[in-house]
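The next block is structure-v5.txt, given as compact mmCIF, C-alpha atoms.
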```txt
# COMPACT_ATOMS: atom_id res chain seq x y z
CA MET A 29 -19.78 -104.10 11.71
CA ILE A 30 -15.97 -103.82 11.71
CA ARG A 31 -16.18 -100.16 12.67
CA TYR A 32 -18.55 -101.04 15.50
CA VAL A 33 -16.11 -103.70 16.79
CA PHE A 34 -13.19 -101.25 16.82
CA THR A 35 -15.35 -98.65 18.56
CA ARG A 36 -16.24 -101.11 21.32
CA LEU A 37 -12.58 -102.14 21.63
CA SER A 38 -11.56 -98.50 22.07
CA TYR A 39 -14.06 -98.23 24.94
CA MET A 40 -12.44 -101.24 26.62
CA ILE A 41 -9.01 -99.59 26.94
CA PRO A 42 -9.90 -97.10 29.71
CA VAL A 43 -12.01 -99.76 31.43
CA VAL A 44 -9.08 -102.20 31.52
CA TRP A 45 -6.78 -99.44 32.83
CA LEU A 46 -9.31 -98.63 35.56
CA VAL A 47 -9.66 -102.31 36.53
CA VAL A 48 -5.89 -102.78 36.84
CA SER A 49 -5.46 -99.53 38.78
CA VAL A 50 -8.33 -100.13 41.21
CA VAL A 51 -7.20 -103.71 41.90
CA PHE A 52 -3.64 -102.52 42.58
CA LEU A 53 -4.63 -99.64 44.87
CA LEU A 54 -7.35 -101.45 46.83
CA ILE A 55 -5.16 -104.41 47.72
CA HIS A 56 -2.54 -102.05 49.17
CA LEU A 57 -5.17 -100.53 51.45
CA VAL A 58 -5.65 -103.89 53.19
CA PRO A 59 -3.98 -103.72 56.62
CA GLY A 60 -1.13 -106.08 57.43
CA ASP A 61 2.32 -106.91 56.13
CA PRO A 62 2.52 -109.91 53.74
CA ILE A 63 6.25 -110.32 54.37
CA GLN A 64 5.72 -110.39 58.12
CA ALA A 65 2.95 -112.95 57.67
CA MET A 66 5.21 -115.09 55.49
CA LEU A 67 8.30 -115.01 57.75
CA GLY A 68 6.50 -115.02 61.11
CA GLU A 69 6.59 -112.73 64.10
CA GLY A 70 10.10 -113.76 65.18
CA ALA A 71 11.82 -112.98 61.88
CA ALA A 72 14.92 -110.80 61.97
CA GLY A 73 14.73 -107.26 60.60
CA ALA A 74 17.43 -107.97 58.01
CA ASP A 75 15.49 -110.97 56.69
CA ILE A 76 12.31 -108.89 56.44
CA GLN A 77 14.10 -106.15 54.53
CA ALA A 78 15.73 -108.65 52.18
CA ALA A 79 12.36 -110.30 51.45
CA ARG A 80 10.71 -106.93 50.83
CA HIS A 81 13.47 -106.04 48.38
CA ALA A 82 13.15 -109.42 46.64
CA TYR A 83 9.38 -108.91 46.10
CA GLY A 84 9.72 -105.20 45.20
CA LEU A 85 7.82 -103.97 48.27
CA ASP A 86 10.58 -101.67 49.54
CA VAL A 87 10.00 -98.96 46.93
CA PRO A 88 7.35 -96.18 47.00
CA LEU A 89 3.80 -97.10 45.94
CA PRO A 90 3.91 -95.10 42.64
CA THR A 91 7.05 -96.99 41.64
CA GLN A 92 5.38 -100.29 42.51
CA TYR A 93 2.43 -99.24 40.33
CA VAL A 94 4.71 -98.56 37.36
CA HIS A 95 6.51 -101.89 37.87
CA TYR A 96 3.17 -103.71 38.15
CA TRP A 97 1.91 -102.22 34.89
CA ARG A 98 5.17 -103.09 33.17
CA GLY A 99 4.78 -106.67 34.35
CA VAL A 100 1.10 -106.88 33.32
CA LEU A 101 1.94 -105.72 29.79
CA HIS A 102 4.57 -108.49 29.59
CA GLY A 103 2.32 -111.15 31.15
CA ASP A 104 4.23 -111.11 34.46
CA LEU A 105 1.90 -110.70 37.47
CA GLY A 106 4.65 -111.15 40.04
CA ARG A 107 5.34 -114.02 42.45
CA SER A 108 3.16 -115.37 45.19
CA VAL A 109 4.62 -114.50 48.61
CA ARG A 110 3.14 -117.58 50.26
CA LEU A 111 3.67 -120.18 47.51
CA ASN A 112 6.80 -118.63 45.92
CA LYS A 113 5.46 -119.38 42.44
CA PRO A 114 4.63 -117.09 39.49
CA VAL A 115 1.12 -115.68 39.93
CA SER A 116 0.40 -116.08 36.22
CA SER A 117 0.93 -119.87 36.45
CA LEU A 118 -1.23 -120.17 39.59
CA VAL A 119 -4.03 -118.17 37.96
CA ALA A 120 -3.70 -120.21 34.75
CA GLN A 121 -4.10 -123.45 36.74
CA ALA A 122 -7.21 -122.26 38.61
CA TYR A 123 -8.93 -120.26 35.86
CA PRO A 124 -10.21 -123.20 33.74
CA ALA A 125 -12.01 -124.67 36.77
CA THR A 126 -13.78 -121.38 37.52
CA LEU A 127 -14.63 -120.83 33.86
CA ALA A 128 -16.04 -124.36 33.55
CA LEU A 129 -18.13 -123.84 36.68
CA ALA A 130 -19.46 -120.45 35.52
CA LEU A 131 -20.29 -121.71 32.02
CA THR A 132 -22.03 -124.81 33.40
CA ALA A 133 -24.06 -122.64 35.79
CA LEU A 134 -24.90 -120.32 32.90
CA ALA A 135 -26.01 -123.26 30.73
CA ILE A 136 -28.21 -124.62 33.53
CA ALA A 137 -29.79 -121.19 34.05
CA VAL A 138 -30.50 -120.71 30.32
CA LEU A 139 -31.89 -124.23 29.84
CA LEU A 140 -34.24 -123.77 32.79
CA SER A 141 -35.25 -120.14 32.35
CA ILE A 142 -36.09 -119.84 28.64
CA PRO A 143 -38.68 -122.70 28.50
CA ALA A 144 -40.05 -121.67 31.90
CA GLY A 145 -40.32 -117.99 30.95
CA VAL A 146 -41.93 -118.72 27.59
CA HIS A 147 -44.42 -121.17 29.14
CA SER A 148 -45.24 -118.72 31.90
CA ALA A 149 -45.90 -115.94 29.37
CA THR A 150 -48.15 -118.09 27.18
CA ARG A 151 -50.11 -119.24 30.25
CA ARG A 152 -50.44 -115.81 31.84
CA ASN A 153 -52.32 -115.67 35.18
CA ARG A 154 -53.05 -119.41 35.15
CA TRP A 155 -52.02 -121.87 37.84
CA ASP A 156 -48.77 -122.91 36.13
CA ASP A 157 -47.80 -119.27 35.58
CA ARG A 158 -48.37 -118.55 39.27
CA THR A 159 -46.43 -121.68 40.25
CA LEU A 160 -43.43 -120.70 38.12
CA SER A 161 -43.55 -117.16 39.53
CA PHE A 162 -43.49 -118.57 43.06
CA VAL A 163 -40.58 -120.91 42.25
CA SER A 164 -38.56 -118.09 40.65
CA LEU A 165 -39.19 -115.89 43.69
CA LEU A 166 -37.99 -118.76 45.88
CA GLY A 167 -34.84 -119.06 43.78
CA LEU A 168 -34.12 -115.36 44.22
CA SER A 169 -34.56 -115.66 47.97
CA PHE A 170 -31.90 -118.34 48.49
CA PRO A 171 -28.31 -117.03 48.54
CA ASN A 172 -25.45 -119.30 47.51
CA PHE A 173 -24.15 -119.79 51.04
CA ALA A 174 -27.57 -121.16 52.09
CA LEU A 175 -28.46 -123.19 48.99
CA GLY A 176 -25.07 -124.92 48.73
CA PRO A 177 -25.14 -126.62 52.16
CA LEU A 178 -28.77 -127.64 51.60
CA LEU A 179 -27.87 -129.35 48.32
CA ILE A 180 -24.93 -131.08 50.00
CA LEU A 181 -27.15 -132.37 52.81
CA LEU A 182 -29.78 -133.67 50.39
CA PHE A 183 -27.91 -135.03 47.37
CA ALA A 184 -24.47 -135.82 48.81
CA ILE A 185 -25.14 -136.92 52.40
CA ARG A 186 -28.77 -138.05 52.54
CA LEU A 187 -29.15 -139.59 49.04
CA ASP A 188 -25.43 -140.22 48.37
CA LEU A 189 -25.86 -139.41 44.67
CA LEU A 190 -23.19 -136.76 44.13
CA PRO A 191 -19.76 -135.97 45.63
CA VAL A 192 -19.58 -133.44 48.47
CA SER A 193 -16.52 -131.54 47.24
CA GLY A 194 -13.48 -131.60 45.00
CA ALA A 195 -13.25 -131.93 41.22
CA GLU A 196 -12.23 -135.54 40.70
CA SER A 197 -15.07 -136.35 38.25
CA TRP A 198 -17.59 -134.55 36.07
CA ARG A 199 -20.30 -135.30 38.65
CA ALA A 200 -18.56 -133.00 41.13
CA ILE A 201 -19.49 -129.91 39.11
CA ILE A 202 -23.26 -130.53 39.28
CA LEU A 203 -23.99 -129.27 42.80
CA PRO A 204 -21.84 -126.10 42.66
CA ALA A 205 -23.20 -125.30 39.18
CA ILE A 206 -26.79 -125.64 40.39
CA THR A 207 -25.95 -123.50 43.42
CA MET A 208 -24.61 -120.73 41.19
CA GLY A 209 -27.18 -121.09 38.43
CA ALA A 210 -30.35 -121.22 40.55
CA SER A 211 -30.60 -117.51 41.30
CA LEU A 212 -29.63 -116.60 37.72
CA ALA A 213 -32.32 -118.95 36.40
CA ALA A 214 -34.88 -117.20 38.61
CA ILE A 215 -33.83 -113.76 37.30
CA LEU A 216 -33.85 -114.88 33.67
CA THR A 217 -37.23 -116.61 34.00
CA ARG A 218 -38.85 -113.38 35.13
CA MET A 219 -37.00 -111.45 32.41
CA VAL A 220 -38.07 -113.85 29.65
CA ARG A 221 -41.68 -113.81 30.87
CA THR A 222 -41.86 -110.01 30.94
CA SER A 223 -40.17 -109.64 27.56
CA MET A 224 -42.34 -112.34 25.97
CA LEU A 225 -45.55 -110.74 27.25
CA GLU A 226 -44.51 -107.48 25.61
CA GLU A 227 -43.69 -109.15 22.29
CA LEU A 228 -46.83 -111.31 22.19
CA GLY A 229 -48.93 -108.13 22.19
CA GLN A 230 -47.19 -106.64 19.14
CA ASP A 231 -48.85 -106.22 15.73
CA TYR A 232 -46.41 -108.51 13.91
CA ILE A 233 -47.47 -111.40 16.16
CA ARG A 234 -51.12 -110.85 15.24
CA THR A 235 -50.09 -110.72 11.57
CA ALA A 236 -48.17 -114.01 11.91
CA ARG A 237 -51.19 -115.68 13.49
CA ALA A 238 -53.48 -114.27 10.78
CA LYS A 239 -51.24 -115.91 8.15
CA GLY A 240 -52.08 -119.27 9.69
CA LEU A 241 -48.72 -120.02 11.32
CA SER A 242 -48.75 -122.53 14.15
CA GLU A 243 -48.71 -121.12 17.67
CA ARG A 244 -45.40 -122.85 18.37
CA ARG A 245 -43.76 -121.17 15.37
CA VAL A 246 -45.24 -117.79 16.28
CA VAL A 247 -43.93 -118.05 19.84
CA TYR A 248 -40.48 -119.53 19.26
CA ALA A 249 -39.55 -118.35 15.74
CA HIS A 250 -40.92 -114.80 15.97
CA ALA A 251 -41.66 -113.60 19.49
CA LEU A 252 -38.76 -115.30 21.28
CA ARG A 253 -36.10 -113.89 18.93
CA ASN A 254 -37.06 -110.31 19.75
CA ALA A 255 -37.76 -111.11 23.39
CA MET A 256 -34.17 -112.34 23.79
CA LEU A 257 -32.65 -108.87 23.20
CA PRO A 258 -32.91 -107.64 26.82
CA VAL A 259 -32.21 -111.16 28.10
CA VAL A 260 -28.84 -111.23 26.28
CA THR A 261 -27.88 -107.99 28.01
CA VAL A 262 -28.79 -109.40 31.41
CA LEU A 263 -26.83 -112.58 30.64
CA GLY A 264 -23.68 -110.56 29.99
CA LEU A 265 -24.08 -108.56 33.18
CA GLN A 266 -24.94 -111.59 35.29
CA PHE A 267 -21.89 -113.52 34.10
CA GLY A 268 -19.81 -111.15 36.20
CA ALA A 269 -22.09 -111.93 39.14
CA LEU A 270 -21.45 -115.65 38.54
CA LEU A 271 -17.69 -115.07 38.75
CA ALA A 272 -18.15 -113.10 41.97
CA GLY A 273 -20.46 -115.78 43.36
CA ALA A 274 -17.84 -118.39 42.55
CA ILE A 275 -15.78 -117.13 45.50
CA VAL A 276 -18.45 -118.31 47.96
CA THR A 277 -19.51 -121.40 46.03
CA GLU A 278 -15.97 -122.68 45.45
CA THR A 279 -15.22 -122.31 49.16
CA ILE A 280 -18.34 -124.32 50.10
CA PHE A 281 -17.61 -127.15 47.65
CA SER A 282 -13.77 -126.99 47.81
CA TRP A 283 -13.73 -126.37 44.07
CA PRO A 284 -10.15 -125.69 42.87
CA GLY A 285 -10.86 -122.43 41.08
CA LEU A 286 -10.04 -118.74 41.24
CA GLY A 287 -12.57 -118.03 43.99
CA ARG A 288 -11.02 -120.46 46.43
CA LEU A 289 -7.55 -119.27 45.45
CA THR A 290 -8.59 -115.65 46.09
CA ILE A 291 -9.92 -116.42 49.58
CA SER A 292 -6.70 -118.23 50.43
CA ALA A 293 -4.60 -115.33 49.10
CA ILE A 294 -6.60 -112.74 51.07
CA SER A 295 -6.30 -114.67 54.32
CA ASN A 296 -2.51 -114.86 53.83
CA ARG A 297 -2.18 -111.22 52.67
CA ASP A 298 -0.63 -112.44 49.43
CA TYR A 299 -0.83 -109.12 47.54
CA ALA A 300 0.41 -110.32 44.17
CA LEU A 301 -1.85 -113.38 44.10
CA VAL A 302 -4.96 -111.40 45.12
CA GLN A 303 -4.18 -108.84 42.41
CA GLY A 304 -3.76 -111.58 39.82
CA CYS A 305 -7.02 -113.32 40.72
CA LEU A 306 -9.09 -110.13 40.81
CA LEU A 307 -7.48 -108.87 37.62
CA CYS A 308 -8.37 -112.11 35.82
CA ILE A 309 -11.98 -111.93 37.03
CA GLY A 310 -12.25 -108.26 36.08
CA LEU A 311 -10.80 -108.75 32.60
CA THR A 312 -13.09 -111.73 32.01
CA TYR A 313 -16.05 -109.57 32.96
CA VAL A 314 -14.93 -106.85 30.53
CA ALA A 315 -14.42 -109.39 27.73
CA VAL A 316 -17.83 -110.99 28.31
CA ASN A 317 -19.53 -107.60 28.14
CA PHE A 318 -17.69 -106.88 24.90
CA PHE A 319 -18.94 -110.10 23.32
CA THR A 320 -22.42 -109.40 24.71
CA ASP A 321 -22.41 -106.11 22.81
CA LEU A 322 -21.45 -107.97 19.63
CA VAL A 323 -24.24 -110.53 20.08
CA TYR A 324 -26.72 -107.77 20.84
CA SER A 325 -25.72 -105.88 17.69
CA ALA A 326 -26.08 -109.08 15.64
CA LEU A 327 -29.61 -109.63 16.98
CA ASN A 328 -30.52 -105.95 16.61
CA PRO A 329 -28.60 -104.32 13.71
CA ARG A 330 -30.05 -100.90 14.58
CA ILE A 331 -27.71 -100.77 17.61
CA ARG A 332 -24.70 -100.35 15.28
CA GLN A 333 -26.02 -97.06 13.88
```

Any chance you could put this one into structure tokens?
Amino acid sequence: MIRYVFTRLSYMIPVVWLVVSVVFLLIHLVPGDPIQAMLGEGAAGADIQAARHAYGLDVPLPTQYVHYWRGVLHGDLGRSVRLNKPVSSLVAQAYPATLALALTALAIAVLLSIPAGVHSATRRNRWDDRTLSFVSLLGLSFPNFALGPLLILLFAIRLDLLPVSGAESWRAIILPAITMGASLAAILTRMVRTSMLEELGQDYIRTARAKGLSERRVVYAHALRNAMLPVVTVLGLQFGALLAGAIVTETIFSWPGLGRLTISAISNRDYALVQGCLLCIGLTYVAVNFFTDLVYSALNPRIRQ
């Protein structure tokens, strides 16, 4: 197991390098001058040059790349041009909110999809199976930017049950988490159903039933464990989609996370802050996939061979 962990860690090194490099290069392809946007159109040339020198933007791009890597390795992501604060502290303030939102959405998706997928598989081609299939298809059809306003209109404005925006109380996370978790729940429900149908037709399930085990134990203790192998992989991949979807959802609900911070940084051409936000999201995605591999290998020891 230890050898497998070190092997997976060695694979992460080039991925992390690629993430940092792509984030750095792509943000510099965005048209516009962040210094000009910060100082305004009427700023003097000397002031612009002094600001560029202060933020390290007056040197060639390869030199900026080397300086950026040196800062990343020391935990220094630069300073925000617009806010004049360290990017690392701004990202650290916003990251817990995005992580809490993504984990809550993930929990909602798992709690909804696993019972629904298992029930749908055990009731194959019956009315409740068809109903759940229709509901999951409906969940896949609603993008975040459409579902979010609908939830606000219904639960915040019409019924006045939940706050519209902000993060002042724990109730404020419910609507954005449902918005992010609905499509993932629909995907996982279909995945669990398909995987369960495959497992329920295996010989070991017929053997377990022949031994006189209860149907509940056969389904949940035997079939579900093996059916979760592909679902775990999808969960790891979809967590990155949750982080990407947070950019839209946090803007809709004014959630103080990385997504909203990224949109604000892009609109103000704040290079360093955009790089910091995207780098944090990318590294989180890499870390989640690493832990997904570990969970998958724990569920299926043959994967370590």

Worksheet item: List as a list in words: which residues have an atom within 7 Å of (-4.7, -122.2, 42.1), counting only C-alpha atoms?
Response: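 Every residue inside that radius is included here: Leu118, Val119, Gln121, Ala122, Pro284, Gly285, Leu286 and Leu289 of chain A.
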
Dump of C-alpha atoms for the selected residues, as a PDB file, in the frame of the given file:
```pdb
ATOM      1  CA  LEU A 118      -1.230-120.170  39.590  1.00  0.00           C
ATOM      2  CA  VAL A 119      -4.030-118.170  37.960  1.00  0.00           C
ATOM      3  CA  GLN A 121      -4.100-123.450  36.740  1.00  0.00           C
ATOM      4  CA  ALA A 122      -7.210-122.260  38.610  1.00  0.00           C
ATOM      5  CA  PRO A 284     -10.150-125.690  42.870  1.00  0.00           C
ATOM      6  CA  GLY A 285     -10.860-122.430  41.080  1.00  0.00           C
ATOM      7  CA  LEU A 286     -10.040-118.740  41.240  1.00  0.00           C
ATOM      8  CA  LEU A 289      -7.550-119.270  45.450  1.00  0.00           C
TER       9      LEU A 289
END
```

Worksheet entry | All residues 10 Å or closer to Leu166 in chain A, all atoms listed in the file, same chain fewer than 6 positions away omitted, as an NGL selection string | :A and (160 or 210-211 or 214)

Worksheet item: Which distance in Å separates CA of Val115 in chain A and CA of Gly304 in chain A, to one decimal?
Response: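 CA of Gly304 in chain A lies at a distance of 6.4 Å from CA of Val115 in chain A.
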
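Of the listed residues A:Tyr93, A:Ala251, A:Leu134, A:Ala200, the one whose atoms come nearest to Asp231 in chain A is A:Ala251, with distances taken using all atoms listed in the file.
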
Discussion item. Report, in Å to a single decimal, how far apart CA of Ser49 in chain A and CA of Tyr324 in chain A are.
Written reply: 29.0 Å

Item to complete: Calculate how many Å separate CA of Phe173 in chain A from CA of Thr159 in chain A, rounding to one decimal.
Response: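 Answer for the CA of Phe173 in chain A to CA of Thr159 in chain A separation: 24.8 Å.
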
Discussion item. Within 8 Å of (-39.6, -118.4, 29.7) in the file's own coordinates, which protein, DNA or RNA residues have an atom, counting only C-alpha atoms? List them as a list of chain:residue names.
Written reply: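 Here is the list of nearby residues: A:Ser141, A:Ile142, A:Pro143, A:Ala144, A:Gly145, A:Val146, A:His147, A:Ser148, A:Ala149, A:Leu216, A:Thr217, A:Arg218, A:Met219, A:Val220, A:Arg221, A:Met224.
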
Discussion item. Can you pull out the residues contacting range 180-192 of chain A? Cut-off 12 Å, using all atoms listed in the file, and skip same-chain residues under 2 positions away; I want them as a list in words.
Written reply: Phe173, Ala174, Leu175, Gly176, Pro177, Leu178, Gly194, Ala195, Glu196, Ser197, Trp198, Arg199, Ala200, Ile201, Ile202, Leu203, Pro204, Ile206, Thr207, Thr277, Glu278, Thr279, Ile280, Phe281, Ser282 and Trp283 of chain A

Practice prompt. Rank nothing, just name the residue among A:Leu225, A:Leu53, A:Leu322, A:Val314 nearest to Gln92 in chain A, using only C-alpha atoms.
Written response: A:Leu53

Worksheet entry | Nearest to Thr290 in chain A, chosen from A:Ile55, A:Leu263, A:Ala78, A:Leu165, with only C-alpha atoms counted in the distances |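 The closest residue to Thr290 in chain A is A:Ile55.
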
Discussion item. Residues within 7 Å of range 271-273 of chain A, please, as a PyMOL selection string. Count only C-alpha atoms; anything in the same chain fewer than 4 positions from it doesn't count.
Written reply: chain A and resi 130+208+267+277+309

Could you write out as JSON the box around range 68-82 of chain A (axis-aligned, all atoms listed in the file, 8 Å on each side), with centre and edge lengths in Å to one decimal?
```
{"center_x": 12.0, "center_y": -110.5, "center_z": 55.9, "size_x": 26.9, "size_y": 25.0, "size_z": 34.5}
```

Can you rebuild range 37-50 of chain A with N, CA and C atoms and give it as a CSV table (one decimal), in the coordinates of the input?
```csv
chain,number,residue,atom,x,y,z
A,37,LEU,N,-13.9,-101.8,21.1
A,37,LEU,CA,-12.6,-102.1,21.6
A,37,LEU,C,-11.9,-100.9,22.2
A,38,SER,N,-12.1,-99.7,21.6
A,38,SER,CA,-11.6,-98.5,22.1
A,38,SER,C,-12.2,-98.1,23.4
A,39,TYR,N,-13.4,-98.5,23.6
A,39,TYR,CA,-14.1,-98.2,24.9
A,39,TYR,C,-13.5,-99.1,26.0
A,40,MET,N,-13.0,-100.3,25.6
A,40,MET,CA,-12.4,-101.2,26.6
A,40,MET,C,-11.1,-100.8,27.2
A,41,ILE,N,-10.3,-100.0,26.5
A,41,ILE,CA,-9.0,-99.6,26.9
A,41,ILE,C,-9.1,-98.8,28.3
A,42,PRO,N,-9.8,-97.8,28.4
A,42,PRO,CA,-9.9,-97.1,29.7
A,42,PRO,C,-10.5,-98.0,30.8
A,43,VAL,N,-11.4,-98.9,30.4
A,43,VAL,CA,-12.0,-99.8,31.4
A,43,VAL,C,-11.0,-100.7,32.0
A,44,VAL,N,-10.1,-101.3,31.1
A,44,VAL,CA,-9.1,-102.2,31.5
A,44,VAL,C,-8.1,-101.5,32.4
A,45,TRP,N,-7.7,-100.2,32.0
A,45,TRP,CA,-6.8,-99.4,32.8
A,45,TRP,C,-7.4,-99.2,34.2
A,46,LEU,N,-8.7,-98.9,34.3
A,46,LEU,CA,-9.3,-98.6,35.6
A,46,LEU,C,-9.3,-99.9,36.4
A,47,VAL,N,-9.6,-101.0,35.8
A,47,VAL,CA,-9.7,-102.3,36.5
A,47,VAL,C,-8.3,-102.6,37.1
A,48,VAL,N,-7.2,-102.5,36.3
A,48,VAL,CA,-5.9,-102.8,36.8
A,48,VAL,C,-5.5,-101.8,38.0
A,49,SER,N,-5.8,-100.5,37.8
A,49,SER,CA,-5.5,-99.5,38.8
A,49,SER,C,-6.2,-99.7,40.1
A,50,VAL,N,-7.5,-100.0,40.0
A,50,VAL,CA,-8.3,-100.1,41.2
A,50,VAL,C,-7.9,-101.4,42.0
```
